[in-house]
Amino acid sequence: MADITITERQAGDVTILDLDGKVTIGEGSVALRGAIRRVLGEGKTKLLLNLGHVGYIDSSGIGELVSSFTAVNKEGGTLKLLNLTEKIQDLLAITKLLTVFDVYENEADALASF
Amino acid sequence: MTENVQITLPSRIESVDEAAAAAELFAKDAGLADDMIFAIDLAVRESVANAVKHGNKFDESKAVEVSLAETAEGIEIKVRDYGSGFRPEDIPDPTDRENLLKANGRGILFMRSFMDEVEWTNADGGGLVVTMAKKR
């Protein structure tokens, strides 16, 4: 079974990527990188990553979130995070990345912020 | 006491999952709480990933050795590689403002954050051993 499934939805001009599984070194991180490159290649630059069903993330996965953030910024876009689990919230706090990412607990609020 | 576990893995990314699965099973058998199991799983992932990538530099002829032991205080984990070693103090602080947007360099921070003790030593015969302890 794949480490992660990434499903794309569109809400107006915001592209939502629902992540389900693990974002860890290897398959999970590579899949996230591929999904971000693909949507950016399609000219979609307002991205919301829904992490509510990410059961596990490691430093490689956190690094991939940062790389995604910088890749989207470079294209003049915006990447925001939705539904952090407690563990992901802890890891982002330890790494001080909560000061970098725009984080939402509610999808409607996140969409309204773009 | 749970019986000690020693595993030898090739230097490839798949070994990270294999080591983490063994550590999780060991921690569950030792009756540890979920938070401790998460900490041990993450520390094993990060240390084995470092051994594969930075220690052995993906050279599959070099092994990564993982040992898991229950101690009077909790759990002790050792991860050994056969690389040329490194000095943890040379790793830039990933929480410094200028490093926040770097893609790498957070593994050691996670190991130190989630384990009670983390120590690197040069191994006899070459390579590096990281010894990590988690207290109950």
# chains A, B, ... in the order shown; residues from 1 in each chain; ligands from 1
$ select_by_dssp --residues "chain B" --states "alpha helix (DSSP H)" --output "number ranges by chain"
B: 14-29, 34-50, 107-114
$ closest_atom_pairs --of "stretch 3-109 of chain A" --to "stretch 88-106 of chain B" --cutoff "8 Å" --atoms "only C-alpha atoms" --output "CSV"
residue,atom,partner,partner_atom,distance
A:Ser59,CA,B:Arg106,CA,5.6
A:Ser60,CA,B:Asn104,CA,7.0
A:Ile62,CA,B:Ala103,CA,7.9
A:Gly63,CA,B:Ala103,CA,4.2
A:Glu64,CA,B:Ala103,CA,6.5
A:Val66,CA,B:Leu101,CA,6.0
A:Ser67,CA,B:Ala103,CA,5.8
A:Thr70,CA,B:Leu101,CA,7.4
A:Thr95,CA,B:Thr95,CA,5.6
A:Lys96,CA,B:Thr95,CA,5.9
A:Leu97,CA,B:Leu100,CA,6.9
$ select_by_dssp --residues "stretch 22-98 of chain B" --states "strand (DSSP E)" --output "list in words"
Ala63, Val64, Glu65, Val66, Ser67, Leu68, Ala69, Glu70, Gly74, Ile75, Glu76, Ile77, Lys78, Val79 and Arg80 of chain B
$ residues_around --residues "B:Trp120" --least-positions-apart "2" --cutoff "8 Å" --atoms "only C-alpha atoms" --output "PDB file with N, CA and C atoms, in the first residue's frame"
ATOM      1  N   PRO B  88      28.190  16.901  15.630  1.00  0.00           N
ATOM      2  CA  PRO B  88      26.844  17.471  15.715  1.00  0.00           C
ATOM      3  C   PRO B  88      26.865  18.981  15.893  1.00  0.00           C
ATOM      4  N   VAL B 118      20.921  12.071  24.127  1.00  0.00           N
ATOM      5  CA  VAL B 118      21.423  11.742  22.790  1.00  0.00           C
ATOM      6  C   VAL B 118      22.922  12.029  22.785  1.00  0.00           C
ATOM      7  N   ASN B 122      32.596   8.057  18.428  1.00  0.00           N
ATOM      8  CA  ASN B 122      33.270   7.337  17.346  1.00  0.00           C
ATOM      9  C   ASN B 122      33.323   5.864  17.709  1.00  0.00           C
ATOM     10  N   LEU B 128      30.236   5.882  13.241  1.00  0.00           N
ATOM     11  CA  LEU B 128      29.694   6.690  14.330  1.00  0.00           C
ATOM     12  C   LEU B 128      28.567   5.916  15.003  1.00  0.00           C
ATOM     13  N   VAL B 129      28.477   6.058  16.318  1.00  0.00           N
ATOM     14  CA  VAL B 129      27.354   5.471  17.054  1.00  0.00           C
ATOM     15  C   VAL B 129      26.584   6.600  17.711  1.00  0.00           C
ATOM     16  N   VAL B 130      25.282   6.630  17.496  1.00  0.00           N
ATOM     17  CA  VAL B 130      24.457   7.548  18.272  1.00  0.00           C
ATOM     18  C   VAL B 130      23.696   6.707  19.290  1.00  0.00           C
ATOM     19  N   THR B 131      23.821   7.118  20.549  1.00  0.00           N
ATOM     20  CA  THR B 131      23.155   6.414  21.646  1.00  0.00           C
ATOM     21  C   THR B 131      22.073   7.337  22.202  1.00  0.00           C
TER      22      THR B 131
END
$ residues_around --residues "stretch 19-26 of chain A" --least-positions-apart "6" --cutoff "12 Å" --atoms "only C-alpha atoms" --output "PyMOL selection string"
(chain A and resi 1-9+32-33+35-36+48-65+81-84+88) or (chain B and resi 12-17+20+41-42+45-46+48-50+52-53+104+107)
$ write_last_selection --atoms "N, CA and C atoms" --output "compact mmCIF listing (two decimals), in the first residue's frame"
# COMPACT_ATOMS: atom_id res chain seq x y z
N MET A 1 0.83 -1.20 0.00
CA MET A 1 0.00 0.00 0.00
C MET A 1 0.87 1.25 0.00
N ALA A 2 0.43 2.26 -0.75
CA ALA A 2 1.22 3.50 -0.83
C ALA A 2 1.26 4.17 0.54
N ASP A 3 2.37 4.87 0.81
CA ASP A 3 2.50 5.58 2.08
C ASP A 3 1.48 6.70 2.18
N ILE A 4 1.17 7.29 1.02
CA ILE A 4 0.31 8.48 1.05
C ILE A 4 -0.56 8.54 -0.20
N THR A 5 -1.77 9.06 -0.01
CA THR A 5 -2.65 9.36 -1.13
C THR A 5 -2.90 10.87 -1.10
N ILE A 6 -2.76 11.50 -2.27
CA ILE A 6 -2.99 12.94 -2.36
C ILE A 6 -4.12 13.19 -3.35
N THR A 7 -5.19 13.79 -2.86
CA THR A 7 -6.36 14.04 -3.69
C THR A 7 -6.51 15.54 -3.89
N GLU A 8 -6.79 15.92 -5.14
CA GLU A 8 -6.90 17.36 -5.45
C GLU A 8 -8.36 17.76 -5.57
N ARG A 9 -8.70 18.89 -4.96
CA ARG A 9 -10.04 19.48 -5.09
C ARG A 9 -9.86 20.95 -5.45
N LEU A 32 4.54 14.19 -2.30
CA LEU A 32 4.13 15.58 -2.04
C LEU A 32 4.84 16.52 -3.01
N ARG A 33 6.15 16.30 -3.22
CA ARG A 33 6.91 17.14 -4.14
C ARG A 33 6.30 17.07 -5.55
N ALA A 35 3.22 16.28 -6.41
CA ALA A 35 1.89 16.91 -6.47
C ALA A 35 2.02 18.43 -6.55
N ILE A 36 2.95 18.99 -5.77
CA ILE A 36 3.14 20.45 -5.79
C ILE A 36 3.65 20.91 -7.16
N LEU A 48 -3.85 25.01 -0.71
CA LEU A 48 -4.17 24.71 0.69
C LEU A 48 -3.90 23.22 0.91
N LEU A 49 -2.97 22.94 1.81
CA LEU A 49 -2.64 21.54 2.11
C LEU A 49 -3.43 21.11 3.34
N ASN A 50 -4.31 20.12 3.14
CA ASN A 50 -5.10 19.59 4.25
C ASN A 50 -4.35 18.40 4.86
N LEU A 51 -3.83 18.61 6.08
CA LEU A 51 -2.99 17.59 6.73
C LEU A 51 -3.76 16.80 7.79
N GLY A 52 -5.08 16.93 7.79
CA GLY A 52 -5.90 16.30 8.83
C GLY A 52 -5.78 14.80 8.90
N HIS A 53 -5.44 14.17 7.77
CA HIS A 53 -5.31 12.71 7.77
C HIS A 53 -3.86 12.26 7.58
N VAL A 54 -2.94 13.16 7.94
CA VAL A 54 -1.52 12.76 7.92
C VAL A 54 -1.19 12.20 9.30
N GLY A 55 -1.05 10.90 9.36
CA GLY A 55 -0.84 10.24 10.65
C GLY A 55 0.58 10.35 11.14
N TYR A 56 1.50 10.65 10.23
CA TYR A 56 2.90 10.67 10.64
C TYR A 56 3.70 11.55 9.71
N ILE A 57 4.63 12.30 10.28
CA ILE A 57 5.53 13.12 9.47
C ILE A 57 6.90 13.13 10.16
N ASP A 58 7.97 13.11 9.38
CA ASP A 58 9.32 13.16 9.98
C ASP A 58 10.02 14.42 9.49
N SER A 59 11.32 14.54 9.76
CA SER A 59 12.01 15.78 9.40
C SER A 59 12.07 15.95 7.88
N SER A 60 12.10 14.81 7.16
CA SER A 60 12.08 14.89 5.70
C SER A 60 10.74 15.46 5.22
N GLY A 61 9.65 15.01 5.84
CA GLY A 61 8.32 15.51 5.48
C GLY A 61 8.17 16.98 5.83
N ILE A 62 8.68 17.38 6.99
CA ILE A 62 8.65 18.80 7.37
C ILE A 62 9.46 19.61 6.36
N GLY A 63 10.62 19.06 5.96
CA GLY A 63 11.44 19.73 4.96
C GLY A 63 10.71 19.88 3.64
N GLU A 64 9.90 18.87 3.31
CA GLU A 64 9.15 18.93 2.05
C GLU A 64 8.05 19.99 2.13
N LEU A 65 7.44 20.16 3.30
CA LEU A 65 6.46 21.25 3.47
C LEU A 65 7.14 22.60 3.24
N LEU A 81 -1.69 25.94 5.33
CA LEU A 81 -1.91 24.61 5.91
C LEU A 81 -3.24 24.56 6.64
N LEU A 82 -3.88 23.39 6.54
CA LEU A 82 -5.19 23.19 7.16
C LEU A 82 -5.16 21.92 8.01
N ASN A 83 -5.85 21.97 9.15
CA ASN A 83 -6.10 20.79 9.99
C ASN A 83 -4.82 20.08 10.44
N LEU A 84 -3.98 20.80 11.14
CA LEU A 84 -2.78 20.15 11.68
C LEU A 84 -3.18 19.20 12.80
N ILE A 88 1.79 17.07 14.42
CA ILE A 88 2.39 17.96 13.41
C ILE A 88 2.55 19.37 13.98
N ARG B 12 19.92 1.89 2.62
CA ARG B 12 18.94 2.43 1.68
C ARG B 12 17.75 2.98 2.46
N ILE B 13 16.98 3.83 1.78
CA ILE B 13 15.90 4.55 2.45
C ILE B 13 14.87 3.60 3.08
N GLU B 14 14.62 2.46 2.42
CA GLU B 14 13.63 1.52 2.94
C GLU B 14 14.01 1.02 4.34
N SER B 15 15.28 1.09 4.67
CA SER B 15 15.73 0.63 5.99
C SER B 15 15.16 1.50 7.11
N VAL B 16 14.82 2.74 6.78
CA VAL B 16 14.27 3.64 7.80
C VAL B 16 12.93 3.09 8.30
N ASP B 17 12.06 2.70 7.37
CA ASP B 17 10.76 2.13 7.75
C ASP B 17 10.94 0.83 8.53
N ALA B 20 12.12 1.58 12.03
CA ALA B 20 11.05 2.20 12.82
C ALA B 20 9.99 1.16 13.21
N ASP B 41 9.95 5.98 17.88
CA ASP B 41 9.77 5.78 16.44
C ASP B 41 10.44 6.92 15.66
N LEU B 42 10.16 8.15 16.08
CA LEU B 42 10.71 9.32 15.37
C LEU B 42 12.23 9.37 15.49
N ARG B 45 13.75 6.74 13.28
CA ARG B 45 13.66 7.17 11.88
C ARG B 45 14.77 8.18 11.54
N GLU B 46 14.88 9.20 12.39
CA GLU B 46 15.83 10.28 12.09
C GLU B 46 17.27 9.77 12.16
N VAL B 48 18.41 6.62 11.81
CA VAL B 48 18.72 5.68 10.73
C VAL B 48 18.81 6.43 9.39
N ALA B 49 17.94 7.40 9.19
CA ALA B 49 18.02 8.20 7.95
C ALA B 49 19.38 8.91 7.88
N ASN B 50 19.84 9.46 9.01
CA ASN B 50 21.16 10.12 9.03
C ASN B 50 22.27 9.12 8.73
N VAL B 52 22.09 6.33 7.00
CA VAL B 52 22.02 5.92 5.59
C VAL B 52 22.54 7.05 4.68
N LYS B 53 22.04 8.27 4.94
CA LYS B 53 22.34 9.39 4.02
C LYS B 53 23.71 9.98 4.29
N ASN B 104 16.52 20.91 4.80
CA ASN B 104 17.11 19.83 5.60
C ASN B 104 17.62 20.36 6.94
N GLY B 107 16.61 16.80 11.63
CA GLY B 107 16.56 15.47 12.25
C GLY B 107 17.18 15.43 13.64
$ atom_distance --atom1 "atom CA of B:Gly74" --atom2 "atom CA of B:Ile108"
20.7 Å
$ decode --residues "stretch 29-53 of chain B" --atoms "N, CA and C atoms" --output "tab-separated table (two decimals), in the first residue's frame"
chain	number	residue	atom	x	y	z
B	29	ASP	N	5.97	-3.92	23.00
B	29	ASP	CA	6.22	-5.10	23.83
B	29	ASP	C	6.69	-4.70	25.23
B	30	ALA	N	7.41	-3.59	25.30
B	30	ALA	CA	7.92	-3.12	26.60
B	30	ALA	C	6.83	-2.39	27.39
B	31	GLY	N	5.66	-2.26	26.78
B	31	GLY	CA	4.52	-1.66	27.48
B	31	GLY	C	4.60	-0.16	27.62
B	32	LEU	N	5.29	0.51	26.70
B	32	LEU	CA	5.44	1.96	26.80
B	32	LEU	C	4.17	2.68	26.35
B	33	ALA	N	4.00	3.89	26.87
B	33	ALA	CA	2.84	4.72	26.52
B	33	ALA	C	2.98	5.22	25.08
B	34	ASP	N	1.85	5.61	24.49
B	34	ASP	CA	1.82	6.03	23.09
B	34	ASP	C	2.79	7.18	22.80
B	35	ASP	N	2.88	8.14	23.72
B	35	ASP	CA	3.77	9.29	23.50
B	35	ASP	C	5.23	8.84	23.43
B	36	MET	N	5.58	7.86	24.27
B	36	MET	CA	6.96	7.35	24.25
B	36	MET	C	7.21	6.56	22.97
B	37	ILE	N	6.20	5.81	22.54
B	37	ILE	CA	6.35	5.03	21.31
B	37	ILE	C	6.58	5.99	20.13
B	38	PHE	N	5.81	7.08	20.10
B	38	PHE	CA	5.98	8.07	19.03
B	38	PHE	C	7.41	8.64	19.06
B	39	ALA	N	7.89	8.97	20.26
B	39	ALA	CA	9.22	9.57	20.40
B	39	ALA	C	10.30	8.60	19.90
B	40	ILE	N	10.18	7.35	20.30
B	40	ILE	CA	11.18	6.35	19.92
B	40	ILE	C	11.14	6.10	18.42
B	41	ASP	N	9.95	5.98	17.88
B	41	ASP	CA	9.77	5.78	16.44
B	41	ASP	C	10.44	6.92	15.66
B	42	LEU	N	10.16	8.15	16.08
B	42	LEU	CA	10.71	9.32	15.37
B	42	LEU	C	12.23	9.37	15.49
B	43	ALA	N	12.74	9.11	16.70
B	43	ALA	CA	14.19	9.18	16.91
B	43	ALA	C	14.91	8.10	16.09
B	44	VAL	N	14.31	6.91	16.02
B	44	VAL	CA	14.92	5.83	15.22
B	44	VAL	C	14.88	6.21	13.75
B	45	ARG	N	13.75	6.74	13.28
B	45	ARG	CA	13.66	7.17	11.88
B	45	ARG	C	14.77	8.18	11.54
B	46	GLU	N	14.88	9.20	12.39
B	46	GLU	CA	15.83	10.28	12.09
B	46	GLU	C	17.27	9.77	12.16
B	47	SER	N	17.57	8.94	13.15
B	47	SER	CA	18.96	8.48	13.30
B	47	SER	C	19.34	7.50	12.19
B	48	VAL	N	18.41	6.62	11.81
B	48	VAL	CA	18.72	5.68	10.73
B	48	VAL	C	18.81	6.43	9.39
B	49	ALA	N	17.94	7.40	9.19
B	49	ALA	CA	18.02	8.20	7.95
B	49	ALA	C	19.38	8.91	7.88
B	50	ASN	N	19.84	9.46	9.01
B	50	ASN	CA	21.16	10.12	9.03
B	50	ASN	C	22.27	9.12	8.73
B	51	ALA	N	22.17	7.91	9.31
B	51	ALA	CA	23.20	6.89	9.09
B	51	ALA	C	23.26	6.48	7.62
B	52	VAL	N	22.09	6.33	7.00
B	52	VAL	CA	22.02	5.92	5.59
B	52	VAL	C	22.54	7.05	4.68
B	53	LYS	N	22.04	8.27	4.94
B	53	LYS	CA	22.34	9.39	4.02
B	53	LYS	C	23.71	9.98	4.29
